[in-house]
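Source file: input16.csv (CSV, C-alpha atoms)
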chain,number,residue,atom,x,y,z
J,97,MET,CA,126.3,65.4,106.8
J,98,LYS,CA,124.2,65.9,103.7
J,99,ALA,CA,121.1,68.1,104.0
J,100,GLN,CA,117.7,66.5,104.1
J,101,VAL,CA,115.7,67.6,101.1
J,102,GLU,CA,112.0,67.1,100.2
J,103,TYR,CA,111.1,67.1,96.5
J,104,PRO,CA,107.4,67.3,95.3
J,105,ASN,CA,108.1,65.0,92.3
J,106,LEU,CA,110.8,63.0,90.4
J,107,LEU,CA,111.4,65.8,87.9
J,108,SER,CA,112.3,68.2,90.8
J,109,ARG,CA,114.8,65.6,92.1
J,110,ILE,CA,116.4,65.3,88.7
J,111,VAL,CA,116.5,69.0,87.8
J,112,LEU,CA,117.5,70.3,91.3
J,113,ALA,CA,120.0,67.6,92.2
J,114,ASP,CA,122.8,70.1,93.1
J,115,SER,CA,120.6,73.0,94.3
J,116,VAL,CA,120.8,72.4,98.0
J,117,ASP,CA,124.5,71.7,98.1
J,118,ALA,CA,125.2,74.7,95.9
J,119,GLN,CA,123.6,77.2,98.3
J,120,PHE,CA,125.5,80.5,98.6
J,121,PRO,CA,124.7,84.3,98.9
J,122,PHE,CA,125.1,84.7,95.2
J,123,PRO,CA,125.6,82.2,92.3
J,124,LEU,CA,129.2,81.1,91.9
J,125,ARG,CA,128.8,79.3,88.6
J,126,PRO,CA,127.2,80.4,85.4
J,127,ARG,CA,124.3,78.2,84.2
J,128,PRO,CA,124.9,75.9,81.2
J,129,LYS,CA,124.8,77.8,77.9
J,130,LEU,CA,122.2,75.6,76.3
J,131,GLU,CA,119.9,75.9,79.3
J,132,THR,CA,120.1,79.7,79.3
J,133,TRP,CA,119.7,79.9,75.5
J,134,PHE,CA,116.5,77.9,75.7
J,135,LEU,CA,115.1,80.0,78.5
J,136,ARG,CA,115.9,83.3,76.7
J,137,TRP,CA,114.2,81.9,73.5
J,138,TYR,CA,111.2,80.8,75.5
J,139,GLU,CA,110.8,84.1,77.3
J,140,ARG,CA,111.1,86.1,74.1
J,141,HIS,CA,109.1,84.0,71.7
J,142,ARG,CA,106.6,82.2,73.9
J,143,LEU,CA,106.0,84.3,77.0
J,144,ARG,CA,106.4,87.7,75.3
J,145,VAL,CA,106.8,89.4,78.7
J,146,ASP,CA,105.2,92.8,78.5
J,147,THR,CA,105.8,95.2,81.4
J,148,ARG,CA,104.6,98.5,79.8
J,149,HIS,CA,101.5,98.7,82.0
J,150,ILE,CA,103.3,97.6,85.3
J,151,ALA,CA,104.1,100.3,87.8
J,152,ILE,CA,106.6,100.1,90.7
J,153,ASP,CA,104.4,101.3,93.5
J,154,ARG,CA,105.9,102.0,96.9
J,155,PRO,CA,108.6,99.3,96.8
J,156,ILE,CA,109.4,97.8,100.2
J,157,PHE,CA,113.1,97.4,101.3
J,158,LEU,CA,114.2,95.6,104.5
J,159,VAL,CA,117.7,96.6,105.6
J,160,GLY,CA,119.9,95.7,108.7
J,161,LEU,CA,123.0,93.8,109.5
J,162,PRO,CA,123.1,90.1,108.9
J,163,ARG,CA,121.8,88.0,111.8
J,164,THR,CA,119.3,90.7,112.9
J,165,GLY,CA,116.2,88.6,112.0
J,166,THR,CA,115.9,90.0,108.5
J,167,THR,CA,115.3,86.6,107.0
J,168,MET,CA,112.6,85.8,109.5
J,169,LEU,CA,110.8,89.1,108.7
J,170,GLN,CA,111.4,88.6,105.0
J,171,ASP,CA,109.7,85.2,105.1
J,172,ILE,CA,106.7,86.7,106.8
J,173,LEU,CA,106.2,89.7,104.5
J,174,CYS,CA,106.8,87.6,101.4
J,175,SER,CA,103.9,85.4,102.5
J,176,HIS,CA,101.6,88.3,102.2
J,177,PRO,CA,99.4,88.0,99.1
J,178,GLN,CA,100.2,91.5,97.8
J,179,VAL,CA,104.0,91.1,97.9
J,180,ALA,CA,106.3,90.2,95.0
J,181,TYR,CA,109.9,89.3,95.5
J,182,LEU,CA,113.0,87.8,93.9
J,183,THR,CA,113.0,84.0,94.5
J,184,ASN,CA,115.9,81.7,95.1
J,185,LEU,CA,115.6,80.6,91.5
J,186,MET,CA,115.9,84.1,89.9
J,187,PRO,CA,119.5,85.1,90.5
J,188,SER,CA,120.7,82.0,88.6
J,189,TYR,CA,119.0,83.3,85.5
J,190,PRO,CA,119.3,87.1,85.6
J,191,ASP,CA,118.5,87.5,81.9
J,192,CYS,CA,115.6,85.1,81.7
J,193,PHE,CA,114.2,84.5,85.1
J,194,CYS,CA,110.6,85.0,84.0
J,195,ALA,CA,110.9,81.9,81.8
J,196,ALA,CA,112.5,79.9,84.6
J,197,HIS,CA,109.9,81.0,87.1
J,198,VAL,CA,107.0,80.1,84.8
J,199,LEU,CA,108.3,76.7,83.8
J,200,CYS,CA,109.1,75.7,87.4
J,201,LYS,CA,105.6,76.6,88.4
J,202,ARG,CA,104.1,74.8,85.4
J,203,PHE,CA,105.9,71.6,86.1
J,204,HIS,CA,105.8,71.9,90.0
J,205,ILE,CA,109.6,72.0,90.2
J,206,ASN,CA,110.6,72.8,93.8
J,207,PHE,CA,112.5,71.6,96.8
J,208,LYS,CA,112.3,72.2,100.6
J,209,ALA,CA,115.4,72.0,102.8
J,210,ASP,CA,117.2,73.7,105.7
J,211,ARG,CA,119.5,76.6,104.7
J,212,PHE,CA,123.1,75.6,104.6
J,213,LEU,CA,123.8,77.9,107.6
J,214,GLY,CA,122.1,75.4,109.9
J,215,ASP,CA,120.1,78.3,111.5
J,216,SER,CA,116.6,76.9,111.6
J,217,VAL,CA,115.7,78.6,108.3
J,218,GLU,CA,113.8,76.5,105.8
J,219,ILE,CA,114.1,77.4,102.1
J,220,GLU,CA,112.4,76.5,98.9
J,221,LEU,CA,113.2,77.2,95.3
J,222,ASN,CA,110.4,79.9,95.3
J,223,SER,CA,111.2,81.4,98.6
J,224,ALA,CA,112.7,84.9,98.8
J,225,ASN,CA,116.3,85.7,97.9
J,226,GLU,CA,118.4,88.9,98.1
J,227,GLY,CA,119.2,88.6,94.4
J,228,LEU,CA,121.4,91.7,94.1
J,229,ASN,CA,123.0,90.4,90.8
J,230,ILE,CA,119.9,91.3,88.7
J,231,LEU,CA,120.8,95.0,89.3
J,232,LYS,CA,123.6,94.9,86.7
J,233,GLY,CA,126.5,97.3,87.4
J,234,PHE,CA,125.3,98.0,91.0
J,235,GLU,CA,127.9,95.6,92.5
J,236,ASP,CA,130.6,94.6,90.1
J,237,ASP,CA,132.8,92.8,92.7
J,238,PHE,CA,131.1,91.0,95.5
J,239,TYR,CA,134.5,90.3,97.1
J,240,SER,CA,135.6,94.0,97.4
J,241,LEU,CA,135.4,95.5,100.8
J,242,LYS,CA,135.4,99.1,99.5
J,243,TYR,CA,132.6,101.4,100.7
J,244,ARG,CA,130.8,103.5,98.0
J,245,GLU,CA,128.5,106.4,98.6
J,246,LEU,CA,126.0,105.9,95.8
J,247,ARG,CA,124.0,108.5,93.9
J,248,VAL,CA,121.6,107.8,91.0
J,249,SER,CA,123.6,110.2,88.9
J,250,ASP,CA,126.6,107.8,89.2
J,251,PHE,CA,124.9,105.5,86.9
J,252,ALA,CA,123.8,105.8,83.2
J,253,PRO,CA,120.1,106.5,82.8
J,254,GLU,CA,119.9,103.4,80.6
J,255,LEU,CA,121.2,101.3,83.4
J,256,VAL,CA,118.8,102.7,86.0
J,257,GLU,CA,116.0,102.0,83.6
J,258,GLU,CA,117.2,98.5,83.2
J,259,TRP,CA,117.0,98.1,87.0
J,260,ARG,CA,113.4,99.3,86.9
J,261,GLU,CA,112.7,96.9,84.1
J,262,GLY,CA,114.1,94.0,86.1
J,263,ILE,CA,111.8,94.9,89.1
J,264,LYS,CA,108.9,95.1,86.7
J,265,ARG,CA,109.7,91.6,85.4
J,266,VAL,CA,109.6,90.3,89.0
J,267,LEU,CA,106.2,91.9,89.4
J,268,TRP,CA,105.1,90.3,86.1
J,269,CYS,CA,106.0,86.9,87.6
J,270,PHE,CA,103.6,87.6,90.4
J,271,GLY,CA,100.7,88.8,88.3
J,272,GLY,CA,101.8,92.3,87.5
J,273,ALA,CA,98.7,94.3,88.5
J,274,SER,CA,98.7,94.7,92.3
J,275,PRO,CA,101.8,93.2,93.9
J,276,ARG,CA,104.3,95.4,95.8
J,277,PHE,CA,107.9,94.7,95.2
J,278,PHE,CA,109.9,93.6,98.3
J,279,ASN,CA,113.6,93.1,98.7
J,280,LYS,CA,115.7,92.3,101.8
J,281,ASN,CA,119.4,93.0,101.5
J,282,PRO,CA,121.9,93.7,104.3
J,283,GLU,CA,124.1,95.5,101.7
J,284,PHE,CA,121.4,98.2,101.3
J,285,THR,CA,121.9,99.2,104.9
J,286,VAL,CA,124.6,101.7,103.7
J,287,HIS,CA,122.5,102.8,100.8
J,288,ILE,CA,119.3,104.1,102.4
J,289,ARG,CA,119.6,107.5,100.9
J,290,PHE,CA,120.3,105.9,97.5
J,291,LEU,CA,117.1,103.8,97.7
J,292,LYS,CA,115.1,106.9,98.6
J,293,GLU,CA,116.6,108.8,95.7
J,294,LEU,CA,115.9,105.9,93.3
J,295,PHE,CA,112.4,105.3,94.7
J,296,PRO,CA,111.1,108.4,96.6
J,297,ASP,CA,107.9,106.5,97.6
J,298,ALA,CA,109.9,103.5,98.9
J,299,LYS,CA,109.0,102.0,102.3
J,300,ILE,CA,112.2,101.2,104.1
J,301,ILE,CA,112.3,99.0,107.3
J,302,TYR,CA,115.5,99.0,109.4
J,303,LEU,CA,115.8,96.0,111.7
J,304,VAL,CA,118.2,96.2,114.6
J,305,ARG,CA,119.2,93.6,117.2
J,306,ASP,CA,121.1,93.5,120.5
J,307,PRO,CA,124.8,93.6,119.5
J,308,ARG,CA,125.7,91.1,122.1
J,309,THR,CA,123.9,88.4,120.1
J,310,CYS,CA,124.2,90.0,116.7
J,311,ALA,CA,128.0,90.4,116.8
J,312,ASN,CA,128.5,86.8,118.0
J,313,SER,CA,126.1,85.5,115.3
J,314,MET,CA,127.9,87.5,112.6
J,315,VAL,CA,131.2,85.8,113.5
J,316,LYS,CA,129.4,82.4,113.3
J,317,LEU,CA,128.0,83.4,109.9
J,318,CYS,CA,131.4,84.4,108.5
J,319,ASN,CA,132.8,81.0,109.5
J,320,LEU,CA,129.9,79.1,108.0
J,321,ILE,CA,130.2,81.0,104.8
J,322,ARG,CA,133.9,80.2,104.6
J,323,THR,CA,133.2,76.5,105.1
J,324,GLN,CA,130.5,76.5,102.4
J,325,GLU,CA,132.7,78.4,100.0
J,326,ALA,CA,135.5,76.0,100.5
J,327,LYS,CA,133.2,73.1,99.9
J,328,LEU,CA,131.9,74.6,96.6
J,329,ARG,CA,135.5,75.3,95.4
J,330,ASP,CA,136.4,71.6,96.1
J,331,LYS,CA,133.3,70.5,94.2
J,332,PHE,CA,133.2,72.9,91.3
J,333,GLY,CA,136.8,73.8,90.9
J,334,LYS,CA,138.7,77.0,90.3
J,335,GLY,CA,135.9,78.5,88.3
J,336,SER,CA,133.6,78.9,91.3
J,337,GLY,CA,134.8,82.3,92.3
J,338,PRO,CA,137.8,84.5,93.2
J,339,ALA,CA,140.6,83.2,95.4
J,340,GLY,CA,139.7,85.4,98.4
J,341,ALA,CA,137.1,84.5,100.9
J,342,PHE,CA,133.7,86.3,100.7
J,343,VAL,CA,133.0,88.6,103.7
J,344,PRO,CA,129.3,88.6,104.4
J,345,TYR,CA,129.0,92.1,105.9
J,346,PRO,CA,127.7,95.4,104.5
J,347,ARG,CA,130.4,97.5,103.0
J,348,LEU,CA,130.5,100.1,105.8
J,349,PRO,CA,133.2,102.8,105.5
J,350,LYS,CA,135.6,101.1,108.0
J,351,LEU,CA,135.0,97.5,107.0
J,352,ALA,CA,138.3,97.0,105.2
J,353,GLU,CA,140.1,98.6,108.2
J,354,TYR,CA,138.6,96.3,110.7
J,355,VAL,CA,139.2,93.2,108.6
J,356,ALA,CA,142.8,94.2,108.2
J,357,LEU,CA,143.2,94.9,111.9
J,358,TYR,CA,141.3,91.9,113.4
J,359,GLY,CA,140.2,89.6,110.7
J,360,ALA,CA,136.7,89.1,109.3
J,361,ALA,CA,135.7,86.4,111.9
J,362,ASP,CA,136.6,88.4,115.0
J,363,ILE,CA,134.2,89.8,117.6
J,364,ARG,CA,135.9,93.2,117.5
J,365,THR,CA,135.2,93.5,113.8
J,366,THR,CA,131.5,92.6,114.1
J,367,ALA,CA,131.0,94.7,117.3
J,368,ASN,CA,132.5,97.7,115.6
J,369,LEU,CA,130.4,97.1,112.5
J,370,TRP,CA,127.2,97.0,114.6
J,371,ASN,CA,128.2,100.3,116.2
J,372,ASP,CA,129.1,101.9,112.9
J,373,SER,CA,126.0,100.7,111.2
J,374,VAL,CA,123.7,102.0,113.9
J,375,SER,CA,125.4,105.4,113.8
J,376,PHE,CA,125.3,105.4,110.0
J,377,VAL,CA,121.5,104.6,109.9
J,378,ASP,CA,120.7,107.0,112.7
J,379,ALA,CA,122.4,109.8,110.6
J,380,CYS,CA,120.2,109.0,107.7
J,381,ALA,CA,117.0,109.6,109.7
J,382,SER,CA,117.5,113.4,109.4
J,383,ASP,CA,116.7,113.3,105.7
J,384,CYS,CA,115.1,109.9,105.0
J,385,SER,CA,111.9,108.5,106.4
J,386,PHE,CA,112.0,104.8,107.4
J,387,LEU,CA,110.8,102.5,110.2
J,388,THR,CA,113.2,101.3,112.8
J,389,VAL,CA,112.1,97.9,114.4
J,390,ARG,CA,113.9,96.0,117.1
J,391,TYR,CA,114.2,92.2,116.6
J,392,GLU,CA,113.5,91.7,120.3
J,393,ASP,CA,110.2,93.6,120.1
J,394,ILE,CA,109.1,91.3,117.3
J,395,LEU,CA,109.9,88.3,119.5
J,396,ALA,CA,108.1,89.7,122.5
J,397,GLU,CA,104.9,91.0,120.7
J,398,PRO,CA,104.9,89.4,117.2
J,399,ARG,CA,101.3,90.2,116.2
J,400,SER,CA,101.4,93.9,117.2
J,401,GLU,CA,104.8,94.5,115.7
J,402,ILE,CA,103.9,92.8,112.4
J,403,ALA,CA,100.7,94.9,112.4
J,404,LYS,CA,102.8,98.0,112.8
J,405,ILE,CA,105.1,97.0,110.0
J,406,LEU,CA,102.2,96.2,107.7
J,407,ASP,CA,100.6,99.6,108.5
J,408,PHE,CA,103.9,101.4,107.7
J,409,CYS,CA,104.2,99.6,104.4
J,410,GLU,CA,100.5,100.4,103.6
J,411,LEU,CA,99.7,96.8,103.2
J,412,PRO,CA,96.3,95.4,104.5
J,413,GLU,CA,96.3,92.9,107.3
J,414,ALA,CA,96.5,89.4,105.8
J,415,ASP,CA,93.1,87.6,105.9
J,416,ALA,CA,92.8,84.7,108.3
J,417,SER,CA,92.6,82.4,105.2
J,418,VAL,CA,96.2,83.3,104.3
J,419,GLU,CA,97.5,80.3,106.3
J,420,ARG,CA,101.1,80.6,105.1
J,421,PHE,CA,101.4,84.1,106.4
J,422,TRP,CA,100.0,83.4,109.9
J,423,GLU,CA,101.9,80.1,110.2
J,424,LYS,CA,105.1,82.2,109.7
J,425,VAL,CA,104.0,84.6,112.4
J,426,ARG,CA,103.2,81.8,114.8
J,427,ARG,CA,106.7,80.3,114.3
J,428,ILE,CA,108.5,83.5,115.3
J,429,GLY,CA,111.1,82.5,117.9
J,430,THR,CA,110.9,78.8,117.1
J,431,LEU,CA,114.4,77.3,116.7
J,432,ARG,CA,115.9,73.9,116.1
J,433,HIS,CA,119.5,75.0,117.0
J,434,SER,CA,121.3,76.5,119.9
J,435,ASN,CA,124.1,79.1,120.3
J,436,ARG,CA,126.7,79.7,123.0
J,437,TYR,CA,127.9,83.3,122.8
J,438,GLY,CA,130.3,85.4,124.9
J,439,ASP,CA,132.4,88.5,124.9
J,440,PHE,CA,129.5,90.6,126.1
J,441,GLY,CA,131.7,93.0,128.1
J,442,LEU,CA,133.9,93.8,125.1
J,443,ILE,CA,130.8,94.3,122.9
J,444,GLU,CA,129.2,96.6,125.5
J,445,GLU,CA,132.5,98.6,125.7
J,446,ILE,CA,132.5,99.2,122.0
J,447,CYS,CA,128.8,99.8,121.5
J,448,ARG,CA,127.7,101.3,124.8
J,449,ALA,CA,126.3,104.7,123.5
J,450,ASN,CA,124.3,103.2,120.7
J,451,MET,CA,123.1,100.3,122.9
J,452,GLU,CA,121.7,102.9,125.4
J,453,ARG,CA,120.1,104.9,122.6
J,454,HIS,CA,118.3,101.8,121.3
J,455,GLY,CA,117.3,100.5,124.7
J,456,TYR,CA,119.8,97.5,125.0
J,457,LEU,CA,121.3,98.4,128.3
J,458,ASP,CA,118.1,99.0,130.3
J,459,SER,CA,115.7,96.5,128.8
J,460,GLY,CA,115.7,94.3,131.9
J,461,GLU,CA,116.8,91.3,129.9
J,462,SER,CA,120.2,89.8,130.6
J,463,PRO,CA,122.5,89.1,127.6
J,464,ASP,CA,122.7,85.5,128.5
J,465,ARG,CA,118.9,85.1,128.2
J,466,ALA,CA,118.9,87.0,124.9
J,467,ALA,CA,121.7,84.8,123.6
J,468,ALA,CA,119.8,81.7,124.6
J,469,ARG,CA,116.8,82.9,122.6
J,470,ALA,CA,118.7,84.0,119.5
This entry written out as structure tokens:
Amino acid sequence: MKAQVEYPNLLSRIVLADSVDAQFPFPLRPRPKLETWFLRWYERHRLRVDTRHIAIDRPIFLVGLPRTGTTMLQDILCSHPQVAYLTNLMPSYPDCFCAAHVLCKRFHINFKADRFLGDSVEIELNSANEGLNILKGFEDDFYSLKYRELRVSDFAPELVEEWREGIKRVLWCFGGASPRFFNKNPEFTVHIRFLKELFPDAKIIYLVRDPRTCANSMVKLCNLIRTQEAKLRDKFGKGSGPAGAFVPYPRLPKLAEYVALYGAADIRTTANLWNDSVSFVDACASDCSFLTVRYEDILAEPRSEIAKILDFCELPEADASVERFWEKVRRIGTLRHSNRYGDFGLIEEICRANMERHGYLDSGESPDRAAARA
């Protein structure tokens, strides 16, 4: 069934005809050469983007496994008036996204639709995106399952400066003076130390969720990603990406081993990844400062948990007039889909110690109730 899409005008409908169908974690196709040539020319000769007086002040990073509620929290924080972020538009134009951003705003080019995952997440062209591909050289092969322990010294100083410049250009798109840069990316879960080395004043939020629902939802995510990828290959041909299927999990040290043993869409793989990721992040706590938040606590006490997160990020409480922010908060836990999950006993066997440490075996809530809510 084709996704229902809302366009604000006819120009948006014409320009964005394939945008909803082409949704994927990263762009599979390069944009037309003439289009990118024009945007580069426009950015250089008309916009004259100047970032010399823009500072990257206390950037905010949200990490956590997929399906832990990171998109929900991202949408809330990116509705804050002092937050700047990569939009769904920007990754398609890594060299000229300022021009694309300005022109889309000027001509009111946008769309509104459900995300292809069918998970009650509504997206727009200007809503937040992970956008890892603007950090050139950080991830050369999205299909590799290899773990890399990163250090800033692993990269040429010129490349690191190019990353900083890319973030400054994002800030420029949001006015440049006061916005705080925000990025949500599950892949950064294994790079908390690297983020702190790159940005010592970074505010890092780690979101964790009950593995009984998280591991099940990750299997569902993997299958949905495979379906979408196959659809895009059929539509766009061989040039859409490598032959192998994309695995939408952070590159934890044992990921390749689990995929080889069980397969990517197997509850044993995702339960072990949850367990490994919690142990990995807990080990970072000894030398990195970050805030750990439970997804279930946000559902139970949304206003107090959001206030705690804003305080940690050193962001002021959003004024009552910021309707978009408070509407996102009010919609926490509102779903238009349902899930039927299982294998709780197996997941508990694999994850027991970390579940106890994070309060998931004595919370008083049955896994069946948690699964129904998720």
With the cut-off set at 9 Å and counting all atoms listed in the file, tabulate each residue of segment 175-223 of chain J with an atom at most that distance from an atom of segment 122-132 of chain J, showing the nearest atom pair and its distance in Å to one decimal, ordered by chain and increasing number, as JSON lines.
{"residue": "J:Pro187", "atom": "CA", "partner": "J:Pro123", "partner_atom": "CA", "distance": 7.0}
{"residue": "J:Ser188", "atom": "CA", "partner": "J:Pro123", "partner_atom": "CA", "distance": 6.1}
{"residue": "J:Tyr189", "atom": "CA", "partner": "J:Thr132", "partner_atom": "CA", "distance": 7.3}
{"residue": "J:Asp191", "atom": "CA", "partner": "J:Thr132", "partner_atom": "CA", "distance": 8.4}
{"residue": "J:Cys192", "atom": "CA", "partner": "J:Thr132", "partner_atom": "CA", "distance": 7.4}
* To do: Write out as a PyMOL selection string each polymer residue whose atoms come within 9 Å of segment 401-415 of chain J, counting all atoms listed in the file; drop sequence neighbours fewer than 3 positions from it.
  => chain J and resi 154-156+169+172-173+176-179+276+298-301+386-387+389+393-398+418-419+421-422+425
* Between atom CA of Asp146 of chain J and atom CA of Lys280 of chain J, what is the distance, to one decimal in Å? ->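 Taking atom CA of Asp146 of chain J and atom CA of Lys280 of chain J, their separation equals 25.6 Å.
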* Could you check how far atom CA of Phe270 of chain J sits from atom CA of Tyr181 of chain J, in Å to one decimal? => 8.3 Å
* Would you list the contacts of Arg144 of chain J as an MDAnalysis selection string, taking every protein, DNA or RNA residue within 12 Å and counting all atoms listed in the file, but skipping same-chain residues closer than 4 positions in sequence? => chainID J and resid 136:140 148 192 194:195 265 268
* **Residue nearest Pro344 of chain J - candidates J:Arg426, J:Lys292, J:Arg163, J:Arg420, atoms counted: only C-alpha atoms** =>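 Nearest candidate to Pro344 of chain J out of J:Arg426, J:Lys292, J:Arg163, J:Arg420: J:Arg163.
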Which residues are near Thr166 of chain J? Cut-off 10 Å, only C-alpha atoms, ignore same chain within fewer than 6 positions. Put them as an mmCIF file with C-alpha atoms, keeping the file's coordinate frame.
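This is the output file part36.cif:
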data_model
loop_
_atom_site.group_PDB
_atom_site.id
_atom_site.type_symbol
_atom_site.label_atom_id
_atom_site.label_comp_id
_atom_site.auth_asym_id
_atom_site.auth_seq_id
_atom_site.Cartn_x
_atom_site.Cartn_y
_atom_site.Cartn_z
ATOM 1 C CA LEU J 158 114.200 95.600 104.500
ATOM 2 C CA VAL J 159 117.700 96.600 105.600
ATOM 3 C CA GLY J 160 119.900 95.700 108.700
ATOM 4 C CA ILE J 172 106.700 86.700 106.800
ATOM 5 C CA LYS J 280 115.700 92.300 101.800
ATOM 6 C CA ASN J 281 119.400 93.000 101.500
ATOM 7 C CA PRO J 282 121.900 93.700 104.300
ATOM 8 C CA ILE J 301 112.300 99.000 107.300
ATOM 9 C CA TYR J 302 115.500 99.000 109.400
ATOM 10 C CA LEU J 303 115.800 96.000 111.700
ATOM 11 C CA VAL J 304 118.200 96.200 114.600
ATOM 12 C CA ARG J 305 119.200 93.600 117.200
ATOM 13 C CA TYR J 391 114.200 92.200 116.600
#
* **Residue nearest Arg453 of chain J among J:Thr309, J:Val374, J:Val145, J:Asp439 (counting all atoms listed in the file)** =>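 Among the listed residues, the smallest separation from Arg453 of chain J belongs to J:Val374.
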* Asked: Which residue gives the smallest distance to Met168 of chain J among J:Leu431, J:Leu221, J:Cys380, J:Met451, with all atoms listed in the file counted?
  ->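 Under the stated criterion, the closest residue is J:Leu431.
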* To do: Starting from the point (127.4, 89.9, 119.2), work out which residues of protein, DNA or RNA have an atom no more than 9 Å away when counting all atoms listed in the file; state them as a count of residues only.
  => 20
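With only C-alpha atoms as the atoms that count, the residue of J:Ala224, J:Ala252, J:Leu107, J:Val286 with the shortest distance to Arg347 of chain J is J:Val286.
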* Just give me the residues with any atom within 12 Å of (99.6, 79.9, 90.9), file coordinates, counting all atoms listed in the file, written as a ChimeraX atom specification. => /J:177,197-204,222,269-271
* Between atom CA of Leu351 of chain J and atom CA of Tyr243 of chain J, what is the distance, to one decimal in Å? ->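 Interatomic distance here is 7.8 Å.
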